[in-house]
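Q: Take this structure, written in structure tokens, and hold onto it; I'll ask about it next.
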Amino acid sequence: MSFPKGFLWGGATAANQYEGGYLSGGKGLAVADTLTGGDGIHNIPRKFIVEMPDGTKKEFGGRESLPVDAKAIVDPDTYYPSHVATDFYHHWKEDLALFAEMGFNVYRMSINWTRIFPNGDDTQPNEEGLQFYEDVFKECKRLGMEPLVTIYHFDCPLHLANEYDGWASRHTLDAFKVYVKTILTRYKGLVKYWLTINEINFTRSFKNSGIHDGYTNKAKTEQNYYHLFLGSAYAVKLAHEIDQENKVGLMIAHGASYPYSCNPEDVFAELNNAHDTKWFFGDVQVRGYYPAWKVKELEREGIVLKKEPGDDELLKEGTVDFYSFSYYSSQAIAAHPEELGVSEGNQTQGVKNPYLEASAWGWTIDPLGLRICLNQIYDRYQIPMMIVENGLGAIDKVEEDGSINDDYRIDYMRKHIQTMKDAIEIDGVDLMGYTPWGCIDLVSAGTGEMRKRYGFIYVDMDDDGNGDLSRKRKKSFYYMQKVYKSNGEDID
Ligand code: BG6
């Protein structure tokens, strides 16, 4: 047997892309509720419509910096995909039953902060929101699935973003701590697997962390990361204090990266890139302090983090139990990338790797890269790992008889699961679970599209909000069911 007994098999979703019910049950607005759809294939970005101090409206791309005094709004004439998304809020019983039928013994989902604290910093939590998740977790348990809960997945409360500059401000950290304490206390005994901050290494934009000028203001970006680290450490420490059974992981977007060539300049460029985009975040959350090269970088750039007494201790006391990460693709890194061609990733950009095929969205398909990452991470930290996102975003066709024959997705899954098997069996890594992304169709985070589908379950909803939200099992549903029910033995 390659996969250990009790291996966690499941799927992953996030509230802001899946839940909908954006104002139901006392929920407040999150930044994601003000983000429009886009078109990833034609590179039309998602947008924010903001109100400027003089009352005029302006549009900004989702990957642009915003003026610090701009306030994102919900424009009545604009379509926002997160408002309905694929409506877990009203379909949760049906969806959880489908996940259980597929053989999940774990289900990764996130709590929407604004369902619990509508403004993020309210004095009292919203009982209706707390009850909603309690019902969901109880149903998961009844169906034999452990909830794996992301505490923060790209859903900064809009109030904190507009008024406090999101995670750039210590006020947001303080509000987050109250939110964390509330949910850890309430769900004690119901949830034991937690993830702190989703893709913390990509959490520096208005979209992901509510900071207005994270792309252009380096000092503020570093302060934003610092607060996120403290928030994560606080969650880990408190989770352990509240219940010794709790296991808490970080969450990093961890694609593979390769030097473009054996030219030492390319090798060094890749080292620096991996430091900046991955290891910095792992080192702080696994080891509990900033790595030497980062300290030097901050000194060199004259950036002094605003710290408070007790912060250093908290970082040390709040180190994670396991390393969880998303893996979709890989990139090649060159010292002089001009003229070499870009390989699009969700949030990263490298140069085109001539050895790899890519998805319709330009994400390279690289199963062996996953094995390389598993080895590198395990070599560095020697703690258990979990792959909490992986999958293929593709356009699916519903045939006249209603079937969806997504053989391309099955092929992608098979190759990645084979890689996991090899990494466990041959390399001896400690892998504890696998929750592929968007196990049911949901809104793409990067592009806001519905047509970029990852699911094993199809949801009838398009890019303009048309569809009856009915669910259908794709061919990959049955494939994953076979894999899960055989504990990963039957993957052909
Ligand atoms: C990760 C995120 O970036 O990748 C998810 O944690 C996201 O929220 C997923 O949906 C896939 O990216 P995309 O842009 O295809 O939705």
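All residue names refer to the structure tokens as shown: chains lettered A, B, ... in order, residues numbered from 1 in each chain, ligands numbered from 1 in order.
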Which residues of segment 87-176 of chain A sit at most 10 Å from segment 245-252 of chain A, using only C-alpha atoms? Give each one's shortest atom pair and distance in Å (one decimal place), in chain and ascending residue order, as CSV.
A:
```
residue,atom,partner,partner_atom,distance
A:Leu148,CA,A:Val248,CA,9.4
A:Val149,CA,A:Val248,CA,9.5
A:Thr150,CA,A:Met251,CA,8.8
A:His153,CA,A:Met251,CA,9.8
```
Q: Please return, as a count of residues only, all residues of segment 191-341 of chain A that DSSP assigns to strand (DSSP E or B) on the basis of the backbone.
A: 25
Q: Give the residues close to ligand 1, within 9 Å, counting only C-alpha atoms and all ligand atoms; write them as an MDAnalysis selection string.
A: chainID A and resid 13:14 16:17 40 153:154 198:199 202 251:253 326:328 345:347 361 388:393 437:438 442:449 452:454
Q: Would you pick out the contacts of segment 298-310 of chain A at 9 Å or less, using only C-alpha atoms, so that residues sharing its chain but fewer than 5 positions from it are not included, and give the list as a list of chain:residue names?
A: A:Lys218, A:Ala219, A:Glu222, A:Gln223, A:Tyr226, A:Trp293, A:Leu315
Q: Excluding Lys421 of chain A and its own-chain neighbours fewer than 5 positions away, which residues fall within 9 Å of it when counting only C-alpha atoms? Please give them as a compact mmCIF listing (two decimals) with N, CA, C and O atoms, in the first residue's frame.
A:
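And here is the file that came out, part.txt:
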```txt
# COMPACT_ATOMS: atom_id res chain seq x y z
N SER A 2 0.69 2.16 -0.97
CA SER A 2 1.51 3.38 -0.96
C SER A 2 0.93 4.44 -0.02
O SER A 2 1.67 5.07 0.72
N PHE A 3 -0.37 4.63 -0.07
CA PHE A 3 -0.95 5.66 0.78
C PHE A 3 -1.26 5.09 2.15
O PHE A 3 -1.90 4.04 2.25
N HIS A 416 -0.90 13.27 -11.44
CA HIS A 416 -0.49 13.88 -10.17
C HIS A 416 -0.61 12.90 -9.00
O HIS A 416 0.21 12.91 -8.09
N ILE A 426 8.69 5.82 -2.92
CA ILE A 426 10.11 5.78 -3.30
C ILE A 426 10.94 6.77 -2.48
O ILE A 426 12.02 6.45 -2.00
N GLY A 488 -6.34 5.15 -3.07
CA GLY A 488 -5.28 5.51 -4.02
C GLY A 488 -4.60 4.34 -4.69
O GLY A 488 -3.61 4.53 -5.41
N GLU A 489 -5.13 3.12 -4.51
CA GLU A 489 -4.49 1.96 -5.14
C GLU A 489 -4.92 1.83 -6.61
O GLU A 489 -4.11 1.48 -7.46
```
Q: Within 12 Å of Asp54 of chain A, counting only C-alpha atoms, which residues qualify if same-chain residues fewer than 6 places away don't, as a list in words?
A: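 Returned residues: Asp69, Ala70 and Lys71 of chain A.
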